[in-house]
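Undergrad: My structure is stored as model_2.tsv, with TSV, C-alpha atoms.
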```
chain	number	residue	atom	x	y	z
N	14	MET	CA	156.47	62.17	159.53
N	15	SER	CA	156.32	65.78	160.79
N	16	ALA	CA	155.47	68.48	158.24
N	17	GLY	CA	158.24	70.59	159.79
N	18	ARG	CA	159.29	72.04	163.14
N	19	VAL	CA	157.92	75.44	164.10
N	20	LEU	CA	158.80	77.63	167.06
N	21	VAL	CA	155.87	79.77	168.21
N	22	ALA	CA	157.17	82.71	170.27
N	23	GLY	CA	154.54	84.44	172.37
N	24	ALA	CA	152.69	81.14	172.58
N	25	SER	CA	150.34	82.00	175.45
N	26	GLY	CA	148.82	84.98	173.64
N	27	LEU	CA	145.75	85.14	171.47
N	28	ILE	CA	147.52	84.48	168.15
N	29	GLY	CA	150.17	82.19	169.61
N	30	ALA	CA	147.72	79.69	171.11
N	31	ALA	CA	145.66	79.60	167.91
N	32	ALA	CA	148.85	79.07	165.88
N	33	ILE	CA	149.88	76.10	168.01
N	34	THR	CA	146.52	74.43	167.38
N	35	ALA	CA	146.62	75.12	163.64
N	36	PHE	CA	150.18	73.88	163.08
N	37	ALA	CA	149.68	70.79	165.24
N	38	ALA	CA	146.54	69.91	163.27
N	39	GLU	CA	148.62	69.93	160.09
N	40	GLY	CA	151.20	67.53	161.50
N	41	TRP	CA	153.90	70.01	162.51
N	42	ASP	CA	156.22	69.50	165.46
N	43	VAL	CA	155.47	72.55	167.62
N	44	VAL	CA	157.70	74.21	170.21
N	45	ALA	CA	156.13	76.99	172.28
N	46	PHE	CA	158.04	79.86	173.96
N	47	SER	CA	156.17	81.92	176.56
N	48	ARG	CA	156.27	82.73	180.25
N	49	ARG	CA	153.08	80.80	181.01
N	50	PRO	CA	151.79	77.65	179.30
N	51	PRO	CA	149.56	78.22	176.28
N	52	GLU	CA	145.88	77.37	176.68
N	53	VAL	CA	145.18	74.72	174.06
N	54	GLU	CA	143.07	71.57	174.01
N	55	ALA	CA	144.58	68.52	175.69
N	56	SER	CA	144.73	66.72	172.35
N	57	VAL	CA	147.02	69.38	170.85
N	58	ARG	CA	150.63	68.27	171.04
N	59	CYS	CA	153.36	70.84	171.64
N	60	ARG	CA	156.45	71.25	173.76
N	61	HIS	CA	156.30	74.31	176.01
N	62	VAL	CA	159.51	76.03	177.07
N	63	PRO	CA	158.95	78.64	179.81
N	64	VAL	CA	161.02	81.69	178.93
N	65	ASP	CA	160.79	85.47	179.27
N	66	LEU	CA	161.70	86.88	175.85
N	67	THR	CA	162.88	90.15	177.43
N	68	ASP	CA	165.69	88.15	179.06
N	69	GLY	CA	168.21	87.94	176.25
N	70	SER	CA	170.55	85.44	177.91
N	71	ALA	CA	167.74	83.06	178.93
N	72	THR	CA	166.14	83.24	175.50
N	73	ARG	CA	169.39	82.54	173.66
N	74	GLU	CA	170.04	79.57	175.94
N	75	ALA	CA	166.52	78.25	175.29
N	76	VAL	CA	167.03	78.51	171.53
N	77	ALA	CA	170.43	76.83	171.72
N	78	ALA	CA	168.93	73.92	173.65
N	79	LEU	CA	166.39	73.09	170.93
N	80	ALA	CA	167.18	69.88	169.09
N	81	PRO	CA	166.47	69.50	166.30
N	82	ARG	CA	166.46	73.19	165.44
N	83	PRO	CA	163.13	74.66	164.26
N	84	THR	CA	162.85	75.25	160.54
N	85	HIS	CA	160.15	77.91	160.93
N	86	LEU	CA	159.40	80.75	163.33
N	87	VAL	CA	156.06	82.33	164.18
N	88	TYR	CA	156.75	85.46	166.19
N	89	ALA	CA	153.54	86.54	167.96
N	90	ALA	CA	154.97	88.15	171.10
N	91	ALA	CA	154.62	91.81	172.10
N	92	TYR	CA	155.64	93.91	175.06
N	93	GLU	CA	153.10	96.49	176.20
N	94	LYS	CA	153.35	99.33	178.72
N	95	PRO	CA	150.81	99.49	181.58
N	96	ASP	CA	149.10	102.45	179.88
N	97	LEU	CA	148.25	100.55	176.75
N	98	VAL	CA	147.40	103.27	174.22
N	99	ALA	CA	150.05	105.73	175.39
N	100	GLY	CA	152.65	102.97	175.13
N	101	TRP	CA	152.18	102.74	171.37
N	102	SER	CA	154.36	105.83	170.95
N	103	ASP	CA	156.85	105.08	173.75
N	104	PRO	CA	160.46	104.71	172.46
N	105	ARG	CA	161.33	102.32	175.31
N	106	GLN	CA	158.48	100.03	174.32
N	107	MET	CA	159.71	100.06	170.74
N	108	ALA	CA	163.26	99.21	171.82
N	109	THR	CA	162.06	96.38	174.04
N	110	ASN	CA	160.02	94.81	171.23
N	111	GLU	CA	162.96	95.03	168.83
N	112	ALA	CA	165.25	93.39	171.39
N	113	MET	CA	162.75	90.59	172.08
N	114	LEU	CA	162.57	89.63	168.41
N	115	GLY	CA	166.36	89.74	168.18
N	116	ASN	CA	166.71	87.51	171.25
N	117	VAL	CA	164.79	84.76	169.43
N	118	LEU	CA	165.49	85.32	165.74
N	119	GLY	CA	169.21	86.09	166.04
N	120	PRO	CA	170.36	82.74	167.48
N	121	LEU	CA	167.70	80.81	165.56
N	122	ALA	CA	168.88	82.22	162.22
N	123	ALA	CA	172.55	81.76	163.10
N	124	GLY	CA	171.89	78.07	163.72
N	125	GLY	CA	171.46	77.54	159.98
N	126	ALA	CA	168.24	75.49	159.98
N	127	LEU	CA	165.72	78.35	159.72
N	128	ARG	CA	163.83	78.45	156.43
N	129	HIS	CA	161.01	80.92	157.14
N	130	ALA	CA	159.91	83.46	159.75
N	131	THR	CA	156.58	85.24	160.09
N	132	VAL	CA	156.13	88.33	162.23
N	133	MET	CA	152.99	90.23	163.12
N	134	GLN	CA	152.08	93.86	162.51
N	135	GLY	CA	148.66	95.57	162.41
N	136	THR	CA	146.81	98.68	161.30
N	137	LYS	CA	149.19	100.87	163.30
N	138	ALA	CA	151.54	100.18	160.39
N	139	TYR	CA	149.35	102.58	158.40
N	140	GLY	CA	149.29	105.16	161.21
N	141	ALA	CA	145.64	104.46	162.03
N	142	HIS	CA	146.26	105.47	165.67
N	143	LEU	CA	147.75	108.83	164.59
N	144	HIS	CA	145.97	110.16	161.51
N	145	PRO	CA	143.41	109.32	158.80
N	146	ILE	CA	144.55	106.52	156.51
N	147	PRO	CA	143.71	105.75	152.88
N	148	ILE	CA	140.48	103.79	152.41
N	149	PRO	CA	141.15	101.00	152.02
N	150	ALA	CA	144.69	100.76	153.31
N	151	ARG	CA	146.74	98.54	151.00
N	152	GLU	CA	150.03	96.77	151.60
N	153	ARG	CA	151.70	98.39	148.57
N	154	ALA	CA	151.60	101.84	150.20
N	155	PRO	CA	154.98	103.33	151.22
N	156	ARG	CA	155.98	102.88	154.85
N	157	ASP	CA	154.07	105.38	156.99
N	158	ASP	CA	156.50	107.94	158.42
N	159	HIS	CA	156.13	107.47	162.16
N	160	GLU	CA	158.06	105.74	164.93
N	161	ASN	CA	156.76	102.23	165.48
N	162	PHE	CA	158.29	99.01	166.75
N	163	TYR	CA	156.94	97.32	163.62
N	164	TRP	CA	159.54	99.12	161.52
N	165	ARG	CA	162.37	98.25	163.90
N	166	GLN	CA	161.38	94.59	163.90
N	167	GLU	CA	160.93	94.49	160.14
N	168	ASP	CA	164.33	96.07	159.50
N	169	LEU	CA	165.92	93.47	161.80
N	170	LEU	CA	163.98	90.68	160.07
N	171	ARG	CA	165.17	91.78	156.62
N	172	GLU	CA	168.76	92.17	157.78
N	173	LEU	CA	168.93	88.70	159.32
N	174	ALA	CA	167.11	87.12	156.37
N	175	ASP	CA	169.66	88.58	153.95
N	176	ARG	CA	172.55	87.44	156.13
N	177	HIS	CA	171.31	83.91	156.85
N	178	ALA	CA	169.24	83.19	153.72
N	179	PHE	CA	165.77	82.47	155.07
N	180	ASP	CA	162.37	83.65	153.80
N	181	TRP	CA	159.95	85.88	155.67
N	182	THR	CA	156.34	87.07	155.69
N	183	VAL	CA	154.66	89.93	157.56
N	184	LEU	CA	150.99	89.57	158.50
N	185	ARG	CA	148.89	92.61	159.39
N	186	PRO	CA	145.70	91.41	161.10
N	187	VAL	CA	143.18	93.98	162.24
N	188	GLN	CA	141.72	93.56	165.76
N	189	VAL	CA	142.05	89.84	166.56
N	190	VAL	CA	139.18	88.05	168.32
N	191	GLY	CA	139.37	84.72	170.11
N	192	PRO	CA	138.98	82.99	173.49
N	193	ALA	CA	142.08	84.41	175.18
N	194	TYR	CA	142.06	86.10	178.57
N	195	GLY	CA	144.58	88.06	180.61
N	196	VAL	CA	146.02	89.66	177.46
N	197	SER	CA	146.09	93.19	176.06
N	198	TYR	CA	143.93	93.21	172.93
N	199	CYS	CA	141.10	90.70	173.30
N	200	THR	CA	137.56	92.01	173.79
N	201	PRO	CA	135.52	88.80	174.45
N	202	PRO	CA	136.66	88.39	178.09
N	203	VAL	CA	135.87	92.08	178.68
N	204	ILE	CA	132.42	91.74	177.14
N	205	GLY	CA	131.73	88.52	179.05
N	206	ALA	CA	132.95	89.87	182.39
N	207	PHE	CA	130.91	93.05	181.89
N	208	ALA	CA	127.82	90.91	181.19
N	209	ALA	CA	128.37	88.82	184.32
N	210	LEU	CA	128.93	91.89	186.47
N	211	SER	CA	125.82	93.50	184.99
N	212	ALA	CA	123.74	90.45	185.89
N	213	ALA	CA	125.14	90.45	189.44
N	214	THR	CA	124.76	94.17	190.14
N	215	GLY	CA	121.84	95.34	188.00
N	216	ILE	CA	124.06	97.64	185.95
N	217	PRO	CA	122.42	97.72	182.50
N	218	PHE	CA	124.29	95.77	179.82
N	219	GLY	CA	124.20	98.55	177.28
N	220	PHE	CA	126.89	99.29	174.74
N	221	PRO	CA	129.43	101.29	176.79
N	222	GLY	CA	131.19	103.09	173.94
N	223	GLY	CA	130.59	106.37	172.18
N	224	THR	CA	127.42	107.77	170.68
N	225	VAL	CA	128.65	107.50	167.09
N	226	HIS	CA	128.67	104.36	164.95
N	227	PRO	CA	132.03	103.88	163.20
N	228	VAL	CA	132.41	100.88	160.93
N	229	ARG	CA	134.94	98.34	162.24
N	230	GLN	CA	136.79	95.25	161.08
N	231	VAL	CA	138.03	92.29	163.13
N	232	VAL	CA	139.67	88.97	162.33
N	233	ASP	CA	139.12	85.58	163.94
N	234	ALA	CA	142.23	84.18	165.64
N	235	ARG	CA	141.63	80.92	163.78
N	236	LEU	CA	141.80	82.74	160.45
N	237	VAL	CA	145.11	84.32	161.46
N	238	ALA	CA	146.44	80.92	162.54
N	239	GLY	CA	145.47	79.43	159.19
N	240	ALA	CA	147.30	82.25	157.44
N	241	LEU	CA	150.41	81.50	159.49
N	242	VAL	CA	150.38	77.86	158.37
N	243	TRP	CA	149.80	78.94	154.77
N	244	ALA	CA	152.59	81.53	154.87
N	245	ALA	CA	155.07	79.01	156.28
N	246	THR	CA	155.19	77.01	153.05
N	247	SER	CA	153.56	79.07	150.28
N	248	PRO	CA	155.95	80.56	147.70
N	249	ALA	CA	153.37	83.35	147.16
N	250	ALA	CA	153.91	84.52	150.75
N	251	ARG	CA	157.67	84.96	150.59
N	252	GLY	CA	158.87	88.49	151.21
N	253	GLU	CA	155.31	89.87	151.32
N	254	HIS	CA	153.00	91.80	153.65
N	255	PHE	CA	149.35	90.77	153.98
N	256	ASN	CA	146.38	92.44	155.66
N	257	LEU	CA	143.96	90.02	157.36
N	258	THR	CA	140.29	90.57	158.24
N	259	ASN	CA	137.19	88.38	158.54
N	260	GLY	CA	136.16	89.69	155.12
N	261	GLU	CA	133.37	92.02	156.27
N	262	VAL	CA	132.69	95.12	158.35
N	263	PHE	CA	130.46	95.61	161.40
N	264	SER	CA	129.23	98.13	163.98
N	265	TRP	CA	129.65	97.51	167.71
N	266	GLN	CA	126.24	98.98	168.46
N	267	GLU	CA	124.51	96.67	165.99
N	268	LEU	CA	126.47	93.63	167.21
N	269	TRP	CA	125.73	94.30	170.90
N	270	PRO	CA	122.29	92.57	171.09
N	271	SER	CA	123.84	89.35	169.80
N	272	LEU	CA	126.57	89.58	172.45
N	273	ALA	CA	123.92	90.02	175.15
N	274	ASP	CA	122.07	86.99	173.82
N	275	ALA	CA	125.25	84.92	173.75
N	276	MET	CA	125.90	85.74	177.42
N	277	GLY	CA	122.27	85.29	178.51
N	278	VAL	CA	121.66	88.84	179.76
N	279	PRO	CA	119.12	91.50	178.67
N	280	CYS	CA	120.42	94.03	176.19
N	281	ALA	CA	119.97	97.58	177.46
N	282	PRO	CA	120.14	100.85	175.49
N	283	PRO	CA	123.63	102.25	174.87
N	284	ARG	CA	125.15	103.79	178.00
N	285	PRO	CA	128.62	105.35	177.70
N	286	MET	CA	130.94	104.04	180.41
N	287	SER	CA	134.70	103.76	180.74
N	288	LEU	CA	135.34	100.08	181.37
N	289	THR	CA	138.93	100.95	182.29
N	290	GLU	CA	137.60	102.96	185.22
N	291	GLU	CA	134.46	101.06	186.19
N	292	LEU	CA	135.24	97.36	185.90
N	293	PRO	CA	138.18	97.26	188.39
N	294	ARG	CA	135.86	98.77	191.02
N	295	LEU	CA	133.77	95.59	190.84
N	296	ALA	CA	136.63	93.20	191.67
N	297	GLY	CA	134.84	92.10	194.87
N	298	VAL	CA	131.65	91.31	192.96
N	299	TRP	CA	133.72	89.24	190.52
N	300	ARG	CA	135.14	87.19	193.40
N	301	ASP	CA	131.57	86.35	194.43
N	302	ILE	CA	130.74	85.37	190.83
N	303	VAL	CA	133.77	83.06	190.73
N	304	THR	CA	132.65	81.34	193.94
N	305	ARG	CA	128.98	81.09	193.01
N	306	HIS	CA	129.59	79.72	189.50
N	307	ARG	CA	132.62	77.62	190.46
N	308	LEU	CA	134.86	79.34	187.95
N	309	ARG	CA	138.63	79.17	187.81
N	310	PRO	CA	140.16	81.12	190.71
N	311	LEU	CA	141.06	84.11	188.54
N	312	SER	CA	140.85	87.70	189.71
N	313	LEU	CA	139.00	90.17	187.52
N	314	LEU	CA	142.27	91.63	186.27
N	315	ASP	CA	143.54	88.09	185.59
N	316	VAL	CA	140.62	87.77	183.18
N	317	LEU	CA	140.78	91.24	181.66
N	318	GLY	CA	144.55	91.70	181.34
N	319	ARG	CA	144.74	95.17	179.80
N	320	SER	CA	141.98	94.46	177.30
N	321	HIS	CA	139.49	96.72	179.12
N	322	GLN	CA	141.75	99.63	178.14
N	323	TYR	CA	141.67	98.47	174.54
N	324	ALA	CA	137.90	97.99	174.75
N	325	ASP	CA	137.44	101.67	175.60
N	326	TYR	CA	139.53	102.49	172.54
N	327	THR	CA	137.81	100.20	170.05
N	328	PHE	CA	134.31	100.86	171.44
N	329	GLY	CA	134.96	104.57	170.92
N	330	TYR	CA	134.34	105.63	174.51
N	331	GLY	CA	134.33	109.42	174.68
N	332	LEU	CA	133.79	109.92	170.95
N	333	THR	CA	131.09	112.41	170.04
N	334	THR	CA	131.98	112.90	166.38
N	335	MET	CA	132.60	110.27	163.75
N	336	PRO	CA	136.31	109.36	163.54
N	337	PRO	CA	137.97	108.78	160.17
N	338	PRO	CA	137.37	105.22	158.95
N	339	ALA	CA	140.28	102.80	159.33
N	340	LEU	CA	139.56	99.97	156.91
N	341	VAL	CA	142.02	97.72	155.11
N	342	SER	CA	141.88	95.72	151.90
N	343	THR	CA	142.42	91.95	151.89
N	344	VAL	CA	142.48	91.57	148.12
N	345	LYS	CA	146.22	90.84	148.11
N	346	VAL	CA	146.15	87.81	150.42
N	347	LYS	CA	143.14	86.34	148.60
N	348	GLN	CA	144.82	86.74	145.22
N	349	ALA	CA	147.91	85.07	146.67
N	350	GLY	CA	145.84	82.01	147.56
N	351	TYR	CA	144.61	82.37	151.15
N	352	THR	CA	140.86	82.95	150.84
N	353	ARG	CA	139.44	82.02	154.26
N	354	VAL	CA	136.68	84.24	155.70
N	355	HIS	CA	134.65	84.25	158.94
N	356	ASP	CA	131.26	85.51	160.09
N	357	THR	CA	132.04	88.21	162.67
N	358	GLU	CA	128.98	87.54	164.83
N	359	ALA	CA	129.92	83.85	164.97
N	360	THR	CA	133.52	84.78	165.81
N	361	PHE	CA	132.43	86.62	168.96
N	362	ARG	CA	129.83	84.06	169.99
N	363	ASP	CA	132.33	81.21	169.55
N	364	ALA	CA	134.91	83.03	171.67
N	365	LEU	CA	132.42	83.75	174.46
N	366	ARG	CA	131.16	80.16	174.44
N	367	THR	CA	134.71	78.81	174.67
N	368	LEU	CA	135.50	81.08	177.63
N	369	VAL	CA	132.37	79.76	179.35
N	370	GLU	CA	133.36	76.16	178.59
N	371	ARG	CA	136.81	76.83	180.04
N	372	ARG	CA	135.18	78.20	183.22
N	373	VAL	CA	136.69	81.64	182.76
N	374	LEU	CA	133.23	83.20	182.35
N	375	PRO	CA	129.96	82.07	183.98
N	376	ASP	CA	127.16	80.39	182.06
N	377	LEU	CA	124.23	82.79	182.46
N	378	THR	CA	122.11	81.22	179.71
N	379	GLY	CA	120.88	78.29	181.76
N	380	ALA	CA	122.45	75.86	179.30
N	381	ALA	CA	124.57	74.21	181.99
N	382	GLY	CA	121.58	73.44	184.16
```
For this file, produce the structure as structure tokens.

TA:
Amino acid sequence: MSAGRVLVAGASGLIGAAAITAFAAEGWDVVAFSRRPPEVEASVRCRHVPVDLTDGSATREAVAALAPRPTHLVYAAAYEKPDLVAGWSDPRQMATNEAMLGNVLGPLAAGGALRHATVMQGTKAYGAHLHPIPIPARERAPRDDHENFYWRQEDLLRELADRHAFDWTVLRPVQVVGPAYGVSYCTPPVIGAFAALSAATGIPFGFPGGTVHPVRQVVDARLVAGALVWAATSPAARGEHFNLTNGEVFSWQELWPSLADAMGVPCAPPRPMSLTEELPRLAGVWRDIVTRHRLRPLSLLDVLGRSHQYADYTFGYGLTTMPPPALVSTVKVKQAGYTRVHDTEATFRDALRTLVERRVLPDLTGAAG
């Protein structure tokens, strides 16, 4: 017997694909909404419904056609502007993201079967992209006074939950890491493509960010997916916000040699470089790499998505002075009962290895030979 029926919206993204795998492993009946099919193992059972969540009419029709109706919603979709960082403060982007959630959650809640919905936020909830934040940032802090689509979505979530009597949870993962490609916020395909292009051109594979060493946090996509399964049925998660991290901090510069080793390329000294500017210029070299290594026929931008823009941001490209730390506490979620942690170095190495196994990145280690 199924543990329940969950609709994963934004299923082809980094969190969505991991959520499908996690729920299916626990015996849930999984329905996936996204424009393109989610990349999951062949053994993972889910029903994919191709739908563009910005199309309100098509989304409502897709929800209405679901039988039986899902009892749970995981909302992991996001609309981003072409200029990734600038889009974070764009009112039109905020309005689009609010409408997308409404297109799914409105008809799903009105159907009467919905028992729980989880939506995603992040450290921008604390204003980390705008100003220094408390260290560590905690969920009990008052709502940060800035325009953000998180607040619009959360207000809509609360309104519909009160009207239709379902429970909700908000998860706030820091930078999520996993084996996704062609998305907006995933650094492993950027790191792997940069390594392959370095090997092909002789460009040194040195850390391309700033000259300072800020402390960072990330979270494994599998940890986030586990938290989504936990939140779906745990009374301790109802009506709560939870930060999520791997449970440790790291420095990009200190991690870089391990990334070079994972990709099978020499690690060079740090060398500031805008990947947003430089990588697209090597699209022709990437085509040669695809042919030589018999990779999937993906263009360089198909692999990167907009994540090379995010890589410049998180690597600190252009920084010459230490930025304020942006670290969050995960005491609350652990006290509530979800205690999973991950080794950050292993998180990145696992993601890179999976992208190689899926023939998105080349095997430069010699392991395949």

Undergrad: Which polymer residues have any atom within 8 Å of an atom of Ala296 (chain N), counting all atoms listed in the file, with same-chain residues fewer than 3 positions away left out, as a PyMOL selection string?

TA: chain N and resi 292-293+299-300+312-314

Undergrad: If I take CA of Ala275 (chain N) and CA of Leu365 (chain N), how far is one from the other in Å, to one decimal?

TA: 7.3 Å

Undergrad: List the neighbours of region 57-63 of chain N out to 10 Å using only C-alpha atoms; skip same-chain residues closer than 2 positions along the sequence, and give me the result as a PyMOL selection string.

TA: chain N and resi 19-22+24-25+33-38+40-55+65-66+71-72+75-76+79

Undergrad: Tell me, as a ChimeraX atom specification, which residues lie within 7 Å of region 219-222 of chain N, counting all atoms listed in the file; anything in the same chain fewer than 2 positions away does not count.

TA: /N:217,224,266,269,280-286,325,328-330

Undergrad: Please produce an output containing C-alpha atoms for each residue in the selection, written as a CSV table (one decimal), in the frame of the given file.

TA:
```
chain,number,residue,atom,x,y,z
N,217,PRO,CA,122.4,97.7,182.5
N,224,THR,CA,127.4,107.8,170.7
N,266,GLN,CA,126.2,99.0,168.5
N,269,TRP,CA,125.7,94.3,170.9
N,280,CYS,CA,120.4,94.0,176.2
N,281,ALA,CA,120.0,97.6,177.5
N,282,PRO,CA,120.1,100.8,175.5
N,283,PRO,CA,123.6,102.2,174.9
N,284,ARG,CA,125.2,103.8,178.0
N,285,PRO,CA,128.6,105.4,177.7
N,286,MET,CA,130.9,104.0,180.4
N,325,ASP,CA,137.4,101.7,175.6
N,328,PHE,CA,134.3,100.9,171.4
N,329,GLY,CA,135.0,104.6,170.9
N,330,TYR,CA,134.3,105.6,174.5
```

Undergrad: May I have the residues within 9 Å of Gln166 (chain N) as an MDAnalysis selection string, using all atoms listed in the file and disregarding those fewer than 4 positions away in the same chain?

TA: chainID N and resid 107 110:112 114:115 132 162 170:171

Undergrad: Need the shell around Glu93 (chain N): protein/DNA/RNA residues with any atom at most 12 Å away, counting only C-alpha atoms. Skip same-chain ones fewer than 4 positions apart. Format as JSON, numbers by chain?

TA: {"N": [67, 97, 98, 99, 100, 101, 102, 103, 104, 105, 106, 107, 108, 109, 110, 162, 196, 197, 198, 318, 319, 320, 322, 323]}

Undergrad: Using only C-alpha atoms for the distances, tell me which of N:Leu272, N:Met335, N:Leu377, N:Val225 is nearest to Ala213 (chain N).

TA: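 Answer, going by the shortest atom-to-atom distance: N:Leu377.
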
Undergrad: Nearest residue to Asn116 (chain N) out of N:Thr327, N:Thr334, N:Gln134, N:Ser70, using all atoms listed in the file?

TA: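 Checking each candidate against Asn116 (chain N), we get N:Ser70 as the closest.
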
Undergrad: Could I get region 158-172 of chain N rebuilt with N, CA, C and O atoms, written as a PDB file, in the coordinates of the input?

TA:
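Result went into rebuild_25.pdb, see below:
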```
ATOM      1  N   ASP N 158     155.377 107.277 157.767  1.00  0.00           N
ATOM      2  CA  ASP N 158     156.500 107.940 158.420  1.00  0.00           C
ATOM      3  C   ASP N 158     156.167 108.261 159.878  1.00  0.00           C
ATOM      4  O   ASP N 158     155.785 109.381 160.214  1.00  0.00           O
ATOM      5  N   HIS N 159     156.275 107.246 160.728  1.00  0.00           N
ATOM      6  CA  HIS N 159     156.130 107.470 162.160  1.00  0.00           C
ATOM      7  C   HIS N 159     156.916 106.403 162.900  1.00  0.00           C
ATOM      8  O   HIS N 159     157.174 105.324 162.366  1.00  0.00           O
ATOM      9  N   GLU N 160     157.312 106.707 164.122  1.00  0.00           N
ATOM     10  CA  GLU N 160     158.060 105.740 164.930  1.00  0.00           C
ATOM     11  C   GLU N 160     157.140 104.610 165.359  1.00  0.00           C
ATOM     12  O   GLU N 160     156.034 104.844 165.849  1.00  0.00           O
ATOM     13  N   ASN N 161     157.597 103.389 165.180  1.00  0.00           N
ATOM     14  CA  ASN N 161     156.760 102.230 165.480  1.00  0.00           C
ATOM     15  C   ASN N 161     157.687 101.022 165.625  1.00  0.00           C
ATOM     16  O   ASN N 161     158.623 100.868 164.842  1.00  0.00           O
ATOM     17  N   PHE N 162     157.417 100.171 166.617  1.00  0.00           N
ATOM     18  CA  PHE N 162     158.290  99.010 166.750  1.00  0.00           C
ATOM     19  C   PHE N 162     158.155  98.047 165.579  1.00  0.00           C
ATOM     20  O   PHE N 162     159.046  97.238 165.321  1.00  0.00           O
ATOM     21  N   TYR N 163     157.054  98.148 164.822  1.00  0.00           N
ATOM     22  CA  TYR N 163     156.940  97.320 163.620  1.00  0.00           C
ATOM     23  C   TYR N 163     158.127  97.537 162.684  1.00  0.00           C
ATOM     24  O   TYR N 163     158.681  96.596 162.119  1.00  0.00           O
ATOM     25  N   TRP N 164     158.478  98.814 162.483  1.00  0.00           N
ATOM     26  CA  TRP N 164     159.540  99.120 161.520  1.00  0.00           C
ATOM     27  C   TRP N 164     160.883  98.603 162.044  1.00  0.00           C
ATOM     28  O   TRP N 164     161.709  98.103 161.272  1.00  0.00           O
ATOM     29  N   ARG N 165     161.120  98.744 163.333  1.00  0.00           N
ATOM     30  CA  ARG N 165     162.370  98.250 163.900  1.00  0.00           C
ATOM     31  C   ARG N 165     162.474  96.734 163.745  1.00  0.00           C
ATOM     32  O   ARG N 165     163.527  96.198 163.373  1.00  0.00           O
ATOM     33  N   GLN N 166     161.371  96.042 164.034  1.00  0.00           N
ATOM     34  CA  GLN N 166     161.380  94.590 163.900  1.00  0.00           C
ATOM     35  C   GLN N 166     161.535  94.168 162.435  1.00  0.00           C
ATOM     36  O   GLN N 166     162.273  93.228 162.128  1.00  0.00           O
ATOM     37  N   GLU N 167     160.846  94.867 161.547  1.00  0.00           N
ATOM     38  CA  GLU N 167     160.930  94.490 160.140  1.00  0.00           C
ATOM     39  C   GLU N 167     162.323  94.718 159.579  1.00  0.00           C
ATOM     40  O   GLU N 167     162.832  93.897 158.801  1.00  0.00           O
ATOM     41  N   ASP N 168     162.965  95.813 159.960  1.00  0.00           N
ATOM     42  CA  ASP N 168     164.330  96.070 159.500  1.00  0.00           C
ATOM     43  C   ASP N 168     165.275  94.971 159.995  1.00  0.00           C
ATOM     44  O   ASP N 168     166.163  94.506 159.255  1.00  0.00           O
ATOM     45  N   LEU N 169     165.099  94.555 161.247  1.00  0.00           N
ATOM     46  CA  LEU N 169     165.920  93.470 161.800  1.00  0.00           C
ATOM     47  C   LEU N 169     165.633  92.166 161.063  1.00  0.00           C
ATOM     48  O   LEU N 169     166.567  91.417 160.729  1.00  0.00           O
ATOM     49  N   LEU N 170     164.365  91.891 160.789  1.00  0.00           N
ATOM     50  CA  LEU N 170     163.980  90.680 160.070  1.00  0.00           C
ATOM     51  C   LEU N 170     164.647  90.637 158.696  1.00  0.00           C
ATOM     52  O   LEU N 170     165.228  89.613 158.301  1.00  0.00           O
ATOM     53  N   ARG N 171     164.570  91.738 157.955  1.00  0.00           N
ATOM     54  CA  ARG N 171     165.170  91.780 156.620  1.00  0.00           C
ATOM     55  C   ARG N 171     166.687  91.610 156.687  1.00  0.00           C
ATOM     56  O   ARG N 171     167.285  90.907 155.861  1.00  0.00           O
ATOM     57  N   GLU N 172     167.308  92.262 157.654  1.00  0.00           N
ATOM     58  CA  GLU N 172     168.760  92.170 157.780  1.00  0.00           C
ATOM     59  C   GLU N 172     169.214  90.739 158.044  1.00  0.00           C
ATOM     60  O   GLU N 172     170.132  90.224 157.401  1.00  0.00           O
TER      61      GLU N 172
END
```
